[in-house]
Every structure is written in C-alpha cells, then in structure tokens.
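Source file: data_12.cif (mmCIF, C-alpha atoms)
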```
data_entry
loop_
_atom_site.group_PDB
_atom_site.id
_atom_site.type_symbol
_atom_site.label_atom_id
_atom_site.label_comp_id
_atom_site.auth_asym_id
_atom_site.auth_seq_id
_atom_site.Cartn_x
_atom_site.Cartn_y
_atom_site.Cartn_z
ATOM 1 C CA MET A 10 0.000 0.000 0.000
ATOM 2 C CA SER A 11 2.642 2.501 -0.957
ATOM 3 C CA ILE A 12 0.385 4.456 -3.300
ATOM 4 C CA PRO A 13 -1.071 7.426 -1.369
ATOM 5 C CA LEU A 14 -4.777 8.106 -1.243
ATOM 6 C CA HIS A 15 -4.840 11.126 -3.483
ATOM 7 C CA TYR A 16 -3.512 9.096 -6.423
ATOM 8 C CA TYR A 17 -6.624 6.946 -6.343
ATOM 9 C CA LEU A 18 -8.814 10.024 -5.893
ATOM 10 C CA GLY A 19 -7.118 11.817 -8.786
ATOM 11 C CA LEU A 20 -7.583 8.782 -10.999
ATOM 12 C CA SER A 21 -11.275 8.644 -10.188
ATOM 13 C CA ALA A 22 -11.585 12.401 -10.828
ATOM 14 C CA VAL A 23 -10.033 11.880 -14.270
ATOM 15 C CA LEU A 24 -12.385 8.972 -14.960
ATOM 16 C CA PHE A 25 -15.377 11.060 -13.869
ATOM 17 C CA ALA A 26 -14.310 13.943 -16.115
ATOM 18 C CA ILE A 27 -13.994 11.589 -19.086
ATOM 19 C CA GLY A 28 -17.507 10.338 -18.386
ATOM 20 C CA VAL A 29 -18.831 13.905 -18.189
ATOM 21 C CA ALA A 30 -17.162 14.711 -21.518
ATOM 22 C CA GLY A 31 -18.820 11.715 -23.113
ATOM 23 C CA VAL A 32 -22.279 12.537 -21.789
ATOM 24 C CA LEU A 33 -21.977 16.133 -22.976
ATOM 25 C CA THR A 34 -20.549 15.536 -26.433
ATOM 26 C CA ARG A 35 -21.824 12.197 -27.692
ATOM 27 C CA ARG A 36 -25.207 12.062 -29.354
ATOM 28 C CA ASN A 37 -25.825 8.325 -29.332
ATOM 29 C CA ALA A 38 -27.988 7.220 -26.417
ATOM 30 C CA ILE A 39 -26.090 3.984 -25.867
ATOM 31 C CA VAL A 40 -22.727 5.756 -25.729
ATOM 32 C CA VAL A 41 -24.274 8.127 -23.197
ATOM 33 C CA PHE A 42 -25.179 5.042 -21.161
ATOM 34 C CA MET A 43 -21.595 3.801 -21.333
ATOM 35 C CA CYS A 44 -20.351 7.171 -20.101
ATOM 36 C CA ILE A 45 -22.808 7.091 -17.196
ATOM 37 C CA GLU A 46 -21.367 3.699 -16.277
ATOM 38 C CA LEU A 47 -17.896 5.250 -16.391
ATOM 39 C CA MET A 48 -18.962 7.933 -13.924
ATOM 40 C CA LEU A 49 -20.545 5.357 -11.613
ATOM 41 C CA ASN A 50 -17.333 3.351 -11.714
ATOM 42 C CA SER A 51 -15.261 6.374 -10.775
ATOM 43 C CA VAL A 52 -17.514 7.090 -7.794
ATOM 44 C CA ASN A 53 -17.243 3.449 -6.732
ATOM 45 C CA LEU A 54 -13.468 3.711 -6.955
ATOM 46 C CA THR A 55 -13.548 6.762 -4.694
ATOM 47 C CA LEU A 56 -15.718 4.967 -2.156
ATOM 48 C CA ILE A 57 -13.508 1.889 -2.079
ATOM 49 C CA ALA A 58 -10.361 3.997 -1.781
ATOM 50 C CA PHE A 59 -11.805 5.827 1.225
ATOM 51 C CA ALA A 60 -13.067 2.577 2.753
ATOM 52 C CA SER A 61 -9.684 0.955 2.364
ATOM 53 C CA PHE A 62 -7.689 3.870 3.737
ATOM 54 C CA MET A 63 -10.071 4.527 6.646
ATOM 55 C CA GLY A 64 -10.249 0.841 7.535
ATOM 56 C CA ASP A 65 -14.048 0.916 7.486
ATOM 57 C CA ILE A 66 -15.905 -1.664 5.456
ATOM 58 C CA SER A 67 -19.195 0.263 5.257
ATOM 59 C CA GLY A 68 -18.048 1.859 2.007
ATOM 60 C CA HIS A 69 -17.999 -1.571 0.414
ATOM 61 C CA VAL A 70 -21.671 -2.024 1.277
ATOM 62 C CA LEU A 71 -22.466 1.305 -0.338
ATOM 63 C CA VAL A 72 -20.590 0.272 -3.495
ATOM 64 C CA PHE A 73 -22.610 -2.930 -3.502
ATOM 65 C CA PHE A 74 -25.844 -0.946 -3.539
ATOM 66 C CA VAL A 75 -24.532 1.407 -6.209
ATOM 67 C CA MET A 76 -23.808 -1.620 -8.395
ATOM 68 C CA ALA A 77 -27.343 -2.943 -7.855
ATOM 69 C CA VAL A 78 -28.869 0.395 -8.812
ATOM 70 C CA ALA A 79 -26.531 0.663 -11.822
ATOM 71 C CA ALA A 80 -27.705 -2.709 -13.054
ATOM 72 C CA ALA A 81 -31.344 -1.665 -12.680
ATOM 73 C CA GLU A 82 -30.658 1.648 -14.400
ATOM 74 C CA ALA A 83 -28.942 0.009 -17.355
ATOM 75 C CA THR A 84 -31.778 -2.475 -17.763
ATOM 76 C CA VAL A 85 -34.577 0.083 -17.744
ATOM 77 C CA GLY A 86 -32.584 2.593 -19.803
ATOM 78 C CA LEU A 87 -31.832 0.095 -22.548
ATOM 79 C CA ALA A 88 -35.459 -0.998 -22.586
ATOM 80 C CA ILE A 89 -36.475 2.633 -23.101
ATOM 81 C CA VAL A 90 -33.871 3.026 -25.871
ATOM 82 C CA ILE A 91 -35.119 -0.092 -27.640
ATOM 83 C CA ALA A 92 -38.754 1.040 -27.350
ATOM 84 C CA LEU A 93 -37.778 4.469 -28.743
ATOM 85 C CA PHE A 94 -35.839 2.872 -31.583
ATOM 86 C CA ARG A 95 -38.884 0.797 -32.461
ATOM 87 C CA ASN A 96 -41.012 3.934 -32.718
ATOM 88 C CA ARG A 97 -38.583 6.494 -34.162
ATOM 89 C CA GLN A 98 -35.876 4.399 -35.908
ATOM 90 C CA THR A 99 -33.133 6.453 -34.264
ATOM 91 C CA VAL A 100 -31.085 6.529 -31.082
ATOM 92 C CA ASN A 101 -29.721 9.997 -31.713
ATOM 93 C CA ILE A 102 -30.734 11.990 -28.660
ATOM 94 C CA ASP A 103 -31.022 15.201 -30.675
ATOM 95 C CA GLU A 104 -33.840 13.671 -32.679
ATOM 96 C CA ILE A 105 -35.664 12.209 -29.705
ATOM 97 C CA ASN A 106 -37.771 15.175 -28.686
ATOM 98 C CA ILE A 107 -41.203 13.684 -28.131
ATOM 99 C CA LEU A 108 -41.252 14.915 -24.531
ATOM 100 C CA LYS A 109 -40.952 18.497 -25.754
ATOM 101 C CA TRP A 110 -44.102 20.450 -26.478
ATOM 102 C CA MET B 19 9.558 1.591 -7.445
ATOM 103 C CA GLU B 20 7.964 -1.455 -6.005
ATOM 104 C CA LEU B 21 5.913 -4.037 -7.819
ATOM 105 C CA PHE B 22 2.746 -2.665 -6.170
ATOM 106 C CA ASP B 23 3.351 0.775 -7.693
ATOM 107 C CA VAL B 24 3.993 -0.710 -11.124
ATOM 108 C CA VAL B 25 0.755 -2.698 -10.961
ATOM 109 C CA PHE B 26 -1.148 0.422 -9.897
ATOM 110 C CA TYR B 27 0.213 2.453 -12.797
ATOM 111 C CA VAL B 28 -0.518 -0.320 -15.279
ATOM 112 C CA PHE B 29 -4.136 -0.615 -14.142
ATOM 113 C CA ALA B 30 -4.564 3.171 -14.054
ATOM 114 C CA PHE B 31 -3.161 3.446 -17.592
ATOM 115 C CA ILE B 32 -5.461 0.706 -18.899
ATOM 116 C CA THR B 33 -8.471 2.325 -17.245
ATOM 117 C CA VAL B 34 -7.858 5.867 -18.462
ATOM 118 C CA VAL B 35 -6.847 4.949 -22.014
ATOM 119 C CA SER B 36 -9.792 2.636 -22.568
ATOM 120 C CA ALA B 37 -12.139 5.237 -21.066
ATOM 121 C CA PHE B 38 -10.785 7.721 -23.626
ATOM 122 C CA ILE B 39 -11.488 5.216 -26.378
ATOM 123 C CA VAL B 40 -15.056 4.762 -25.061
ATOM 124 C CA VAL B 41 -15.695 8.477 -25.310
ATOM 125 C CA PHE B 42 -13.819 9.436 -28.441
ATOM 126 C CA SER B 43 -14.136 6.367 -30.677
ATOM 127 C CA ARG B 44 -16.334 6.875 -33.710
ATOM 128 C CA ASN B 45 -17.238 3.194 -33.825
ATOM 129 C CA ILE B 46 -19.752 2.191 -31.194
ATOM 130 C CA ILE B 47 -18.575 -1.439 -31.180
ATOM 131 C CA TYR B 48 -15.032 -0.318 -30.361
ATOM 132 C CA ALA B 49 -16.449 1.860 -27.575
ATOM 133 C CA ALA B 50 -18.351 -1.085 -26.105
ATOM 134 C CA PHE B 51 -15.339 -3.376 -26.189
ATOM 135 C CA SER B 52 -12.972 -0.833 -24.704
ATOM 136 C CA LEU B 53 -15.493 -0.370 -21.895
ATOM 137 C CA LEU B 54 -14.636 -4.005 -21.101
ATOM 138 C CA PHE B 55 -11.020 -3.016 -20.439
ATOM 139 C CA THR B 56 -12.123 -0.074 -18.304
ATOM 140 C CA PHE B 57 -14.181 -2.404 -16.127
ATOM 141 C CA PHE B 58 -11.292 -4.840 -15.816
ATOM 142 C CA GLY B 59 -8.895 -2.033 -14.917
ATOM 143 C CA VAL B 60 -11.225 -0.749 -12.208
ATOM 144 C CA ALA B 61 -11.610 -4.300 -10.896
ATOM 145 C CA GLY B 62 -7.823 -4.568 -10.684
ATOM 146 C CA LEU B 63 -7.710 -1.330 -8.705
ATOM 147 C CA TYR B 64 -10.315 -2.786 -6.350
ATOM 148 C CA VAL B 65 -8.008 -5.752 -5.773
ATOM 149 C CA LEU B 66 -5.166 -3.356 -4.975
ATOM 150 C CA LEU B 67 -7.440 -1.656 -2.441
ATOM 151 C CA ASN B 68 -8.154 -4.966 -0.635
ATOM 152 C CA ALA B 69 -11.728 -5.173 -1.926
ATOM 153 C CA ASP B 70 -11.611 -8.711 -3.221
ATOM 154 C CA PHE B 71 -15.339 -9.456 -3.097
ATOM 155 C CA LEU B 72 -16.234 -6.235 -4.894
ATOM 156 C CA ALA B 73 -13.619 -6.859 -7.586
ATOM 157 C CA VAL B 74 -15.257 -10.165 -8.442
ATOM 158 C CA THR B 75 -18.695 -8.557 -8.194
ATOM 159 C CA GLN B 76 -17.546 -5.812 -10.548
ATOM 160 C CA ILE B 77 -16.530 -8.348 -13.170
ATOM 161 C CA LEU B 78 -19.702 -10.398 -12.689
ATOM 162 C CA ILE B 79 -22.176 -7.510 -12.791
ATOM 163 C CA TYR B 80 -20.523 -5.046 -15.143
ATOM 164 C CA VAL B 81 -18.820 -7.347 -17.617
ATOM 165 C CA GLY B 82 -21.229 -10.240 -17.335
ATOM 166 C CA GLY B 83 -24.406 -8.230 -17.090
ATOM 167 C CA ILE B 84 -24.285 -4.600 -18.066
ATOM 168 C CA LEU B 85 -21.759 -4.880 -20.899
ATOM 169 C CA VAL B 86 -23.600 -7.782 -22.527
ATOM 170 C CA LEU B 87 -26.806 -5.780 -22.188
ATOM 171 C CA LEU B 88 -25.144 -2.760 -23.817
ATOM 172 C CA LEU B 89 -23.872 -4.908 -26.675
ATOM 173 C CA PHE B 90 -27.383 -6.262 -27.206
ATOM 174 C CA GLY B 91 -28.626 -2.668 -27.197
ATOM 175 C CA VAL B 92 -26.024 -1.700 -29.794
ATOM 176 C CA MET B 93 -26.914 -4.590 -32.052
ATOM 177 C CA LEU B 94 -30.649 -4.037 -31.719
ATOM 178 C CA THR B 95 -30.560 -0.321 -32.401
ATOM 179 C CA SER B 96 -27.933 0.184 -35.064
ATOM 180 C CA ASN B 97 -26.880 -1.259 -38.342
ATOM 181 C CA VAL B 98 -23.548 -2.800 -37.360
ATOM 182 C CA ILE B 99 -22.038 -2.433 -40.829
ATOM 183 C CA ASN B 100 -23.016 1.183 -41.289
ATOM 184 C CA VAL B 101 -22.182 2.648 -37.909
ATOM 185 C CA ASP B 102 -22.867 6.334 -37.928
ATOM 186 C CA ILE B 103 -22.541 8.048 -34.593
ATOM 187 C CA LYS B 104 -21.528 11.625 -34.905
ATOM 188 C CA THR B 105 -20.130 13.727 -32.148
ATOM 189 C CA GLY B 106 -22.096 16.906 -31.759
ATOM 190 C CA THR B 107 -19.482 19.452 -32.733
ATOM 191 C CA ILE B 108 -21.660 22.383 -31.716
ATOM 192 C CA GLN B 109 -21.380 21.641 -28.038
ATOM 193 C CA THR B 110 -17.736 20.655 -27.924
ATOM 194 C CA VAL B 111 -16.342 23.919 -26.597
ATOM 195 C CA PRO B 112 -18.862 24.443 -23.761
ATOM 196 C CA ALA B 113 -18.551 20.748 -22.922
ATOM 197 C CA LEU B 114 -14.773 20.996 -22.703
ATOM 198 C CA VAL B 115 -15.045 24.083 -20.505
ATOM 199 C CA LEU B 116 -17.437 22.268 -18.187
ATOM 200 C CA VAL B 117 -15.237 19.164 -18.120
ATOM 201 C CA ALA B 118 -12.206 21.298 -17.263
ATOM 202 C CA ILE B 119 -14.143 22.913 -14.422
ATOM 203 C CA VAL B 120 -15.315 19.536 -13.092
ATOM 204 C CA ALA B 121 -11.906 17.889 -13.344
ATOM 205 C CA GLY B 122 -10.066 20.860 -11.897
ATOM 206 C CA SER B 123 -12.386 21.350 -8.958
ATOM 207 C CA LEU B 124 -12.492 17.639 -8.128
ATOM 208 C CA SER B 125 -8.729 17.225 -8.376
ATOM 209 C CA GLY B 126 -8.062 20.399 -6.431
ATOM 210 C CA LEU B 127 -10.493 19.392 -3.713
ATOM 211 C CA PHE B 128 -9.061 15.885 -3.424
ATOM 212 C CA TYR B 129 -5.465 17.052 -3.526
ATOM 213 C CA SER B 130 -5.875 19.838 -0.995
ATOM 214 C CA THR B 131 -7.993 17.788 1.413
ATOM 215 C CA TRP B 132 -6.543 14.294 1.287
ATOM 216 C CA LYS B 133 -2.933 14.923 0.385
ATOM 217 C CA ASP B 134 -1.264 13.714 3.567
ATOM 218 C CA VAL B 135 -3.220 10.557 4.229
ATOM 219 C CA SER B 136 -0.872 7.649 4.620
ATOM 220 C CA ALA B 137 -1.847 4.072 4.084
ATOM 221 C CA PRO B 138 -2.901 2.137 7.182
ATOM 222 C CA GLU B 139 -0.816 -0.834 8.187
ATOM 223 C CA THR B 140 -3.423 -3.508 7.834
ATOM 224 C CA SER B 141 -2.923 -7.169 7.326
ATOM 225 C CA VAL B 142 -4.578 -8.367 4.175
ATOM 226 C CA VAL B 143 -7.687 -10.264 5.101
ATOM 227 C CA THR B 144 -10.688 -11.188 3.035
ATOM 228 C CA THR B 145 -13.630 -8.808 3.290
ATOM 229 C CA THR B 146 -16.337 -11.257 2.290
ATOM 230 C CA PRO B 147 -17.418 -12.558 5.760
ATOM 231 C CA ALA B 148 -17.550 -9.062 7.266
ATOM 232 C CA LEU B 149 -19.499 -7.782 4.248
ATOM 233 C CA GLY B 150 -21.985 -10.629 4.503
ATOM 234 C CA LYS B 151 -22.522 -10.003 8.203
ATOM 235 C CA MET B 152 -23.069 -6.285 7.615
ATOM 236 C CA LEU B 153 -25.549 -6.953 4.815
ATOM 237 C CA MET B 154 -27.539 -9.283 7.052
ATOM 238 C CA THR B 155 -27.493 -7.132 10.200
ATOM 239 C CA THR B 156 -26.865 -3.386 9.904
ATOM 240 C CA TYR B 157 -27.843 -2.944 6.282
ATOM 241 C CA LEU B 158 -30.642 -5.524 6.101
ATOM 242 C CA LEU B 159 -33.378 -3.038 5.167
ATOM 243 C CA PRO B 160 -31.409 -1.423 2.283
ATOM 244 C CA PHE B 161 -30.522 -4.931 1.111
ATOM 245 C CA GLU B 162 -34.176 -5.923 0.920
ATOM 246 C CA ILE B 163 -35.081 -2.624 -0.762
ATOM 247 C CA ALA B 164 -32.366 -3.264 -3.344
ATOM 248 C CA SER B 165 -33.910 -6.627 -4.112
ATOM 249 C CA VAL B 166 -37.304 -4.967 -4.603
ATOM 250 C CA VAL B 167 -35.681 -2.333 -6.842
ATOM 251 C CA LEU B 168 -34.137 -5.057 -8.990
ATOM 252 C CA LEU B 169 -37.461 -6.892 -9.276
ATOM 253 C CA VAL B 170 -39.287 -3.712 -10.271
ATOM 254 C CA ALA B 171 -36.580 -2.880 -12.816
ATOM 255 C CA LEU B 172 -36.849 -6.379 -14.285
ATOM 256 C CA ILE B 173 -40.634 -6.217 -14.661
ATOM 257 C CA GLY B 174 -40.549 -2.624 -15.890
ATOM 258 C CA ALA B 175 -37.886 -3.316 -18.503
ATOM 259 C CA THR B 176 -39.832 -6.298 -19.818
ATOM 260 C CA PHE B 177 -42.982 -4.221 -19.960
ATOM 261 C CA ILE B 178 -41.348 -1.263 -21.732
ATOM 262 C CA ALA B 179 -39.362 -3.244 -24.284
ATOM 263 C CA ARG B 180 -42.077 -5.658 -25.349
ATOM 264 C CA ARG B 181 -43.922 -5.152 -28.581
ATOM 265 C CA SER B 182 -47.159 -3.395 -27.782
ATOM 266 C CA THR B 183 -50.075 -5.456 -28.993
#
```

Output the file's structure as structure tokens, nothing else.
Amino acid sequence: MSIPLHYYLGLSAVLFAIGVAGVLTRRNAIVVFMCIELMLNSVNLTLIAFASFMGDISGHVLVFFVMAVAAAEATVGLAIVIALFRNRQTVNIDEINILKW
Amino acid sequence: MELFDVVFYVFAFITVVSAFIVVFSRNIIYAAFSLLFTFFGVAGLYVLLNADFLAVTQILIYVGGILVLLLFGVMLTSNVINVDIKTGTIQTVPALVLVAIVAGSLSGLFYSTWKDVSAPETSVVTTTPALGKMLMTTYLLPFEIASVVLLVALIGATFIARRST
C-alpha cells in the first residue's frame, strides 16, 4: 500500500471527467449510457479507496448498492432506448424530442 | 519503485486509455469493447485496495451483465455495418469548458484535502465474511429494498421493451 490516497482520488476524478465529456458531447444514447457507467465506476473507486484507507468496510456495502442500482438503471434505460428505436428508428438523442411540447 | 506501484500504474493506464477510447471512438462497437477493459482495470484497482469481493462482483455484474446488455442494445438499435454516430461538434467547446471545471475542482479538492493521508498498516484479510454479516445485520433493510428495486426494474424493462399489442 505505498500508493497514497490522493492518487486513487485523482484517478477517479479523471475517470469522472472523461464520463462527463462523453455525456456532454456524444449524441448516441447507448454511448451516453456507457459514459454514465464510467462515472458510476469512478464514484465506486472513490468509495472503495476511502473505505480501504479509513479501515471501514461500510463503504464496500455502499458500493454494492450502487452496483445494484446501476444494473437496474442500465436495464430500464436500454429498454427505453429499444422502445424508442422501435417507434422512431433512431437513437440519436437530438432527434428524440417527443417529450418536448 | 515497487511491484505494487507498477501494478497500480498499469491498471490506471489501462483504465484511463480505454475510457478515452469509449468516449472518443467513432465506432460504437469499439467503444463497447474498450469499456470491457475499463471495467477490468477498475476491478484490478479494487483488488489493490483490498476489496476482493467487490472486484469479483464488478466483473460479474458489469462485464457479465451490463456490458452484454449494452452490446445487445447496440446490435438491436444500429446497423452494425453502417455505424454512424456523430459527435455533436456544436457543443464541444462548452462541454470541454465544463469538463475542465469539473476535473479541476475535483482534483483540487481531493489534492488539498486528502494529500497527507498515509496508508494504514493492515494485514490483508478477506472482506467477504464481514461484508456478509453487515448486509444481514446493519444494512438488512437497504438490502431488501435493493432486491425490490431489482425486481421492479426487471418487470418494468420487460414491460417497456415488449412489442405493444
């Protein structure tokens, strides 16, 4: 354990920033999903780094729940994308504007 | 430089480079497969942080579940031969400004707050029994709620994605 804590935190900050860049610039809904998973992974990495360095295992439980919610989110999100693709023949989020008035 | 440091840098490099490929690759199949390497790199970092159970869970859930689901989504919603996913060039500059703000503030906050934390001298033990006990005692109610959330997500996804008749 010779790597200090702020290396792990910096790595997760970089990973989170990459995910933010993807969500903001990509226009394909599935790539946006992948970038959301990247951000969730970076937050999980932060939690595990803190849990490991503080010697408290409660952070691991929180990561466990984050993974469960991420799985549920990916399932429902992809179902919505597939239903939208069936109706509109596109997954480009600029063209999906049926919730606008 | 010890072996531990080398392993950390290798996993960090794999994670960051494959995350870049996920975001900036024009081909959505390449993005999906490089997400695989990101997940494996993060799982390796979990192992370095003594989170053995969560490393295996990461590979099982993310690679075995979410990534396969994403690949199915890719193949159901796009013509694999003619992959056309454009990056919205209009929003690139504001997006980069926002990303710079996010990355800078996060890194500055982490660096200024947690700079001098040294690693605890712990003996490497497995976390699985302690995690199981916590899930069955202290965190029993969130555990049950998570199971309900997963059931609702399963039913809801089936309902949304089915062909409406």

Please produce, as JSON lines, a per-residue contact table for stretch 46-92 of chain A versus stretch 152-175 of chain B (criterion: any atom at most 7 Å away, all atoms listed in the file considered), showing the nearest atom pair and its distance in Å to one decimal, sorted by chain then residue number.
```
{"residue": "A:Phe74", "atom": "CA", "partner": "B:Ala164", "partner_atom": "CA", "distance": 6.9}
{"residue": "A:Ala77", "atom": "CA", "partner": "B:Ala164", "partner_atom": "CA", "distance": 6.8}
{"residue": "A:Ala81", "atom": "CA", "partner": "B:Ala171", "partner_atom": "CA", "distance": 5.4}
{"residue": "A:Thr84", "atom": "CA", "partner": "B:Ala175", "partner_atom": "CA", "distance": 6.2}
{"residue": "A:Val85", "atom": "CA", "partner": "B:Ala175", "partner_atom": "CA", "distance": 4.8}
{"residue": "A:Ala88", "atom": "CA", "partner": "B:Ala175", "partner_atom": "CA", "distance": 5.3}
```

Could you list, as number ranges by chain, the residues of chain B having an atom within 7 Å of chain A when counting all atoms listed in the file? B: 23, 34, 37-38, 41, 67-68, 84, 91-92, 95, 103-106, 109-110, 113-114, 117, 120-121, 124-125, 128-129, 132-133, 135-138, 149, 164, 168, 171, 174-175, 178-179

Record the distance separating atom CA of B:Ile77 and atom CA of B:Thr56, expressed in Å with one decimal.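 Those two atoms sit 10.7 Å apart.
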
For the structure provided, state which residues fall under the PyMOL selection byres ((chain B and resi 46) around 8), and present them as a list in words.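 Those residues are Val40 of chain A; Ser43, Arg44, Asn45, Ile47, Tyr48, Ala49, Ala50, Val92, Val101 and Ile103 of chain B.
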
So, with all atoms listed in the file as the atoms that count, which of B:Thr75, B:Phe51, B:Val111, B:Val60 lies closest to A:Val52?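 Going through B:Thr75, B:Phe51, B:Val111, B:Val60 one by one, the smallest distance to A:Val52 is for B:Val60.
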
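Relative to atom CA of B:Tyr80, atom CA of B:Ala61 is found at 9.9 Å.
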
Using atom CA of A:Asn96 and atom CA of B:Phe90 as the two end points, give the distance in Å to one decimal.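 It comes out at 17.9 Å.
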
Which one is closest to B:Ala69: B:Thr145, B:Gly122, B:Arg181, B:Phe31? Count all atoms listed in the file. B:Thr145

Centre, x/y/z edge lengths, axis-aligned box for stretch 66-79 of chain B with 4 Å per side, as lines of an AutoDock Vina configuration file:
```
center_x = -13.7
center_y = -6.0
center_z = -6.9
size_x = 25.0
size_y = 16.7
size_z = 20.5
```

Residues within 9 Å of B:Thr146, please, as a list in words. Count all atoms listed in the file; anything in the same chain fewer than 5 positions from it doesn't count.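 With the cut-off at 9 Å, the set is Ala69, Asp70, Phe71, Leu72 and Lys151 of chain B.
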
Here's a test: counting all atoms listed in the file, identify every protein, DNA and RNA residue with an atom at most 9 Å from (-40.3, 12.0, -29.7) in the file's coordinate frame, and state them as a list of chain:residue names.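 The residues near that point, listed by chain and number, are A:Leu93, A:Asn96, A:Arg97, A:Glu104, A:Ile105, A:Asn106, A:Ile107, A:Leu108, A:Lys109.
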
As an mmCIF file, in the frame of the given file, the rebuilt stretch 58-74 of chain B with N, CA and C atoms:
```
data_model
loop_
_atom_site.group_PDB
_atom_site.id
_atom_site.type_symbol
_atom_site.label_atom_id
_atom_site.label_comp_id
_atom_site.auth_asym_id
_atom_site.auth_seq_id
_atom_site.Cartn_x
_atom_site.Cartn_y
_atom_site.Cartn_z
ATOM 1 N N PHE B 58 -12.331 -3.971 -16.364
ATOM 2 C CA PHE B 58 -11.292 -4.840 -15.816
ATOM 3 C C PHE B 58 -10.226 -4.038 -15.078
ATOM 4 N N GLY B 59 -9.884 -2.865 -15.605
ATOM 5 C CA GLY B 59 -8.895 -2.033 -14.917
ATOM 6 C C GLY B 59 -9.387 -1.573 -13.560
ATOM 7 N N VAL B 60 -10.667 -1.181 -13.496
ATOM 8 C CA VAL B 60 -11.225 -0.749 -12.208
ATOM 9 C C VAL B 60 -11.281 -1.933 -11.247
ATOM 10 N N ALA B 61 -11.599 -3.120 -11.767
ATOM 11 C CA ALA B 61 -11.610 -4.300 -10.896
ATOM 12 C C ALA B 61 -10.219 -4.592 -10.346
ATOM 13 N N GLY B 62 -9.189 -4.391 -11.176
ATOM 14 C CA GLY B 62 -7.823 -4.568 -10.684
ATOM 15 C C GLY B 62 -7.481 -3.573 -9.600
ATOM 16 N N LEU B 63 -7.954 -2.330 -9.754
ATOM 17 C CA LEU B 63 -7.710 -1.330 -8.705
ATOM 18 C C LEU B 63 -8.443 -1.708 -7.426
ATOM 19 N N TYR B 64 -9.620 -2.317 -7.551
ATOM 20 C CA TYR B 64 -10.315 -2.786 -6.350
ATOM 21 C C TYR B 64 -9.479 -3.842 -5.626
ATOM 22 N N VAL B 65 -8.852 -4.722 -6.400
ATOM 23 C CA VAL B 65 -8.008 -5.752 -5.773
ATOM 24 C C VAL B 65 -6.851 -5.081 -5.035
ATOM 25 N N LEU B 66 -6.259 -4.058 -5.644
ATOM 26 C CA LEU B 66 -5.166 -3.356 -4.975
ATOM 27 C C LEU B 66 -5.635 -2.677 -3.697
ATOM 28 N N LEU B 67 -6.907 -2.316 -3.629
ATOM 29 C CA LEU B 67 -7.440 -1.656 -2.441
ATOM 30 C C LEU B 67 -8.045 -2.650 -1.455
ATOM 31 N N ASN B 68 -7.706 -3.916 -1.551
ATOM 32 C CA ASN B 68 -8.154 -4.966 -0.635
ATOM 33 C C ASN B 68 -9.656 -5.186 -0.675
ATOM 34 N N ALA B 69 -10.299 -4.918 -1.812
ATOM 35 C CA ALA B 69 -11.728 -5.173 -1.926
ATOM 36 C C ALA B 69 -11.926 -6.358 -2.856
ATOM 37 N N ASP B 70 -11.613 -7.536 -2.357
ATOM 38 C CA ASP B 70 -11.611 -8.711 -3.221
ATOM 39 C C ASP B 70 -13.011 -9.094 -3.681
ATOM 40 N N PHE B 71 -13.972 -9.064 -2.736
ATOM 41 C CA PHE B 71 -15.339 -9.456 -3.097
ATOM 42 C C PHE B 71 -15.913 -8.509 -4.142
ATOM 43 N N LEU B 72 -15.669 -7.196 -3.953
ATOM 44 C CA LEU B 72 -16.234 -6.235 -4.894
ATOM 45 C C LEU B 72 -15.545 -6.289 -6.244
ATOM 46 N N ALA B 73 -14.282 -6.701 -6.286
ATOM 47 C CA ALA B 73 -13.619 -6.859 -7.586
ATOM 48 C C ALA B 73 -14.294 -7.959 -8.394
ATOM 49 N N VAL B 74 -14.583 -9.073 -7.730
ATOM 50 C CA VAL B 74 -15.257 -10.165 -8.442
ATOM 51 C C VAL B 74 -16.671 -9.746 -8.814
#
```
